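Raw start-v5.tsv, TSV, C-alpha atoms:
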chain	number	residue	atom	x	y	z
A	1	MET	CA	122.89	103.73	106.68
A	2	MET	CA	120.29	101.28	105.40
A	3	LYS	CA	118.23	101.62	108.58
A	4	LYS	CA	118.04	105.39	108.16
A	5	LYS	CA	116.48	105.00	104.68
A	6	LEU	CA	113.83	102.57	105.95
A	7	THR	CA	112.52	104.80	108.73
A	8	THR	CA	109.10	106.30	108.17
A	9	TYR	CA	109.67	109.41	110.26
A	10	THR	CA	112.27	111.62	111.85
A	11	VAL	CA	112.13	113.22	115.30
A	12	ASP	CA	112.98	116.90	115.55
A	13	GLN	CA	114.59	118.70	118.49
A	14	PHE	CA	111.20	119.12	120.19
A	15	GLY	CA	110.43	115.38	120.08
A	16	VAL	CA	107.80	115.71	117.33
A	17	LYS	CA	107.56	112.90	114.78
A	18	ASN	CA	107.72	114.22	111.21
A	19	TYR	CA	106.52	111.52	108.81
A	20	LYS	CA	108.07	111.29	105.36
A	21	SER	CA	105.83	112.39	102.49
A	22	ARG	CA	106.35	109.16	100.55
A	23	TYR	CA	105.18	107.11	103.54
A	24	ILE	CA	102.07	109.25	103.95
A	25	LEU	CA	101.29	109.04	100.23
A	26	ILE	CA	101.56	105.24	100.13
A	27	LEU	CA	99.55	104.78	103.33
A	28	THR	CA	96.81	107.17	102.19
A	29	LEU	CA	96.50	105.60	98.72
A	30	LEU	CA	96.41	102.11	100.21
A	31	THR	CA	93.67	103.16	102.60
A	32	LEU	CA	91.71	104.87	99.83
A	33	TYR	CA	91.84	101.83	97.56
A	34	LEU	CA	90.88	99.47	100.39
A	35	ILE	CA	87.83	101.62	101.13
A	36	MET	CA	87.04	101.73	97.42
A	37	ALA	CA	87.36	97.94	97.08
A	38	GLY	CA	84.90	97.36	99.91
A	39	ALA	CA	82.48	100.03	98.77
A	40	ALA	CA	82.45	98.57	95.25
A	41	PHE	CA	80.90	95.35	96.62
A	42	ILE	CA	78.17	97.35	98.36
A	43	LEU	CA	77.57	99.48	95.27
A	44	LEU	CA	77.33	96.40	93.08
A	45	HIS	CA	74.82	94.84	95.46
A	46	PHE	CA	72.46	97.80	95.25
A	47	GLU	CA	72.90	98.30	91.53
A	48	THR	CA	72.14	94.67	90.66
A	49	LEU	CA	68.79	95.10	92.38
A	50	ALA	CA	67.86	97.88	89.92
A	51	SER	CA	66.37	96.68	86.65
A	52	ASN	CA	68.03	99.18	84.29
A	53	ALA	CA	71.44	99.48	85.98
A	54	ASN	CA	74.54	99.92	83.85
A	55	ILE	CA	76.87	98.78	86.66
A	56	THR	CA	76.62	95.02	86.28
A	57	ASN	CA	79.93	93.66	87.60
A	58	TYR	CA	82.57	94.42	90.21
A	59	THR	CA	85.00	96.11	87.82
A	60	ASP	CA	82.30	98.53	86.67
A	61	ALA	CA	81.48	99.38	90.29
A	62	PHE	CA	85.15	99.83	91.18
A	63	TRP	CA	85.68	102.02	88.09
A	64	ALA	CA	82.68	104.19	88.96
A	65	LEU	CA	83.97	104.72	92.51
A	66	GLN	CA	87.48	105.43	91.30
A	67	MET	CA	86.20	108.07	88.89
A	68	SER	CA	84.06	109.52	91.66
A	69	SER	CA	86.87	109.69	94.21
A	70	SER	CA	89.25	111.30	91.72
A	71	THR	CA	86.54	113.83	90.70
A	72	ILE	CA	86.97	112.92	87.02
A	73	GLY	CA	83.60	111.24	86.65
A	74	PHE	CA	83.62	110.07	83.04
A	75	GLY	CA	79.96	109.07	83.28
A	76	ASP	CA	80.29	105.79	81.40
A	77	TYR	CA	79.22	103.91	84.55
A	78	TYR	CA	76.98	105.60	87.06
A	79	PRO	CA	74.61	104.45	89.79
A	80	ILE	CA	70.88	104.71	89.31
A	81	SER	CA	69.66	103.42	92.67
A	82	ALA	CA	69.34	105.86	95.56
A	83	GLU	CA	71.63	103.72	97.73
A	84	GLY	CA	74.22	103.50	94.95
A	85	ARG	CA	74.17	107.26	94.55
A	86	VAL	CA	74.73	107.73	98.28
A	87	ILE	CA	77.72	105.35	98.19
A	88	THR	CA	79.15	107.19	95.18
A	89	MET	CA	78.62	110.54	96.87
A	90	LEU	CA	80.38	109.33	100.03
A	91	MET	CA	83.26	107.97	97.93
A	92	PHE	CA	83.57	111.40	96.32
A	93	TYR	CA	83.92	113.09	99.71
A	94	ILE	CA	86.32	110.43	101.02
A	95	GLY	CA	88.49	110.64	97.90
A	96	VAL	CA	88.63	114.42	97.84
A	97	GLY	CA	89.32	114.54	101.57
A	98	MET	CA	92.13	112.01	101.44
A	99	MET	CA	93.77	113.60	98.39
A	100	SER	CA	93.66	117.03	100.01
A	101	PHE	CA	95.26	115.46	103.08
A	102	ILE	CA	98.16	114.33	100.91
A	103	GLY	CA	98.40	117.80	99.35
A	104	ASN	CA	98.62	119.45	102.76
A	105	LYS	CA	101.33	117.09	104.01
A	106	GLY	CA	103.56	117.14	100.91
Reformat the file's structure so that it appears as structure tokens.
Amino acid sequence: MMKKKLTTYTVDQFGVKNYKSRYILILTLLTLYLIMAGAAFILLHFETLASNANITNYTDAFWALQMSSSTIGFGDYYPISAEGRVITMLMFYIGVGMMSFIGNKG
């Protein structure tokens, strides 16, 4: 009984693996936050090169990318360099794409 709860998928009568929604959600969020964590370092690098940047540490960069990927975009931290804006734009598309993937699977 315990083994059945720990499985990540079931196989139907046609041999197709049907993954559990909880497993897909956890895997997608983990992937999204790993991408965000790496991109925050790159964003911080480009923003520290700009003289009037308001993203000055890693947590600010991570927060800006999290707000971008969730489409909230508070605007308290935003990139001013062209490279930083490209990274933020890509994070927006990645976040929206991955969240819509979860919505389609659930």
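If you measure from each of A:Ile72, A:Ile80, A:Ile102, A:Ile94 to Ile35 in chain A using all atoms listed in the file, the closest one turns out to be A:Ile94.
Using all atoms listed in the file, the shortest contact distance between Leu44 in chain A and any of A:Met99, A:Gly84, A:Ser70, A:Leu29 is found at A:Gly84.
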*Enter the distance from CA of Ser81 in chain A to CA of Gly38 in chain A, in Å, rounded to one decimal.*
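CA of Ser81 in chain A sits 17.9 Å away from CA of Gly38 in chain A.
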*Quick one: everything within 7 Å of Ala40 in chain A, counting all atoms listed in the file, minus sequence neighbours fewer than 6 positions away in the same chain. Send it as a list in words.*
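So, after excluding close chain neighbours, the residues are Tyr58, Ala61, Phe62 and Leu65 of chain A.
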*How many Å separate CA of Ser68 in chain A from CA of Glu47 in chain A?*
15.8 Å
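Residues in contact with Gly75 in chain A at up to 12 Å, not including ones fewer than 6 positions away on its chain and judged by only C-alpha atoms, are Asn54, Ile55, Asp60, Trp63, Ala64, Leu65, Gln66, Met67 and Ser68 of chain A.
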*Of the candidates A:Ser69, A:Asp76, A:Thr88, A:Phe46, which one gets nearest to Leu32 in chain A if we count only C-alpha atoms?*
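The answer is A:Ser69, which sits nearest to Leu32 in chain A.
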*Which residue out of A:Phe101, A:Gly95, A:Gly73, A:Pro79 has the minimum interatomic distance to Ile24 in chain A when only C-alpha atoms are used?*
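Selected residue with least distance to Ile24 in chain A: A:Phe101.
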*Could you tell me how far CA of Val96 in chain A lies from CA of Leu25 in chain A, in Å and to one decimal?*
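A separation of 14.0 Å between them.
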Axis-aligned box over every listed atom of range 24-36 of chain A, padded by 5 Å per side: centre and edges in Å to one decimal, as lines of an AutoDock Vina configuration file?
center_x = 94.6
center_y = 104.4
center_z = 100.7
size_x = 25.0
size_y = 19.8
size_z = 16.5
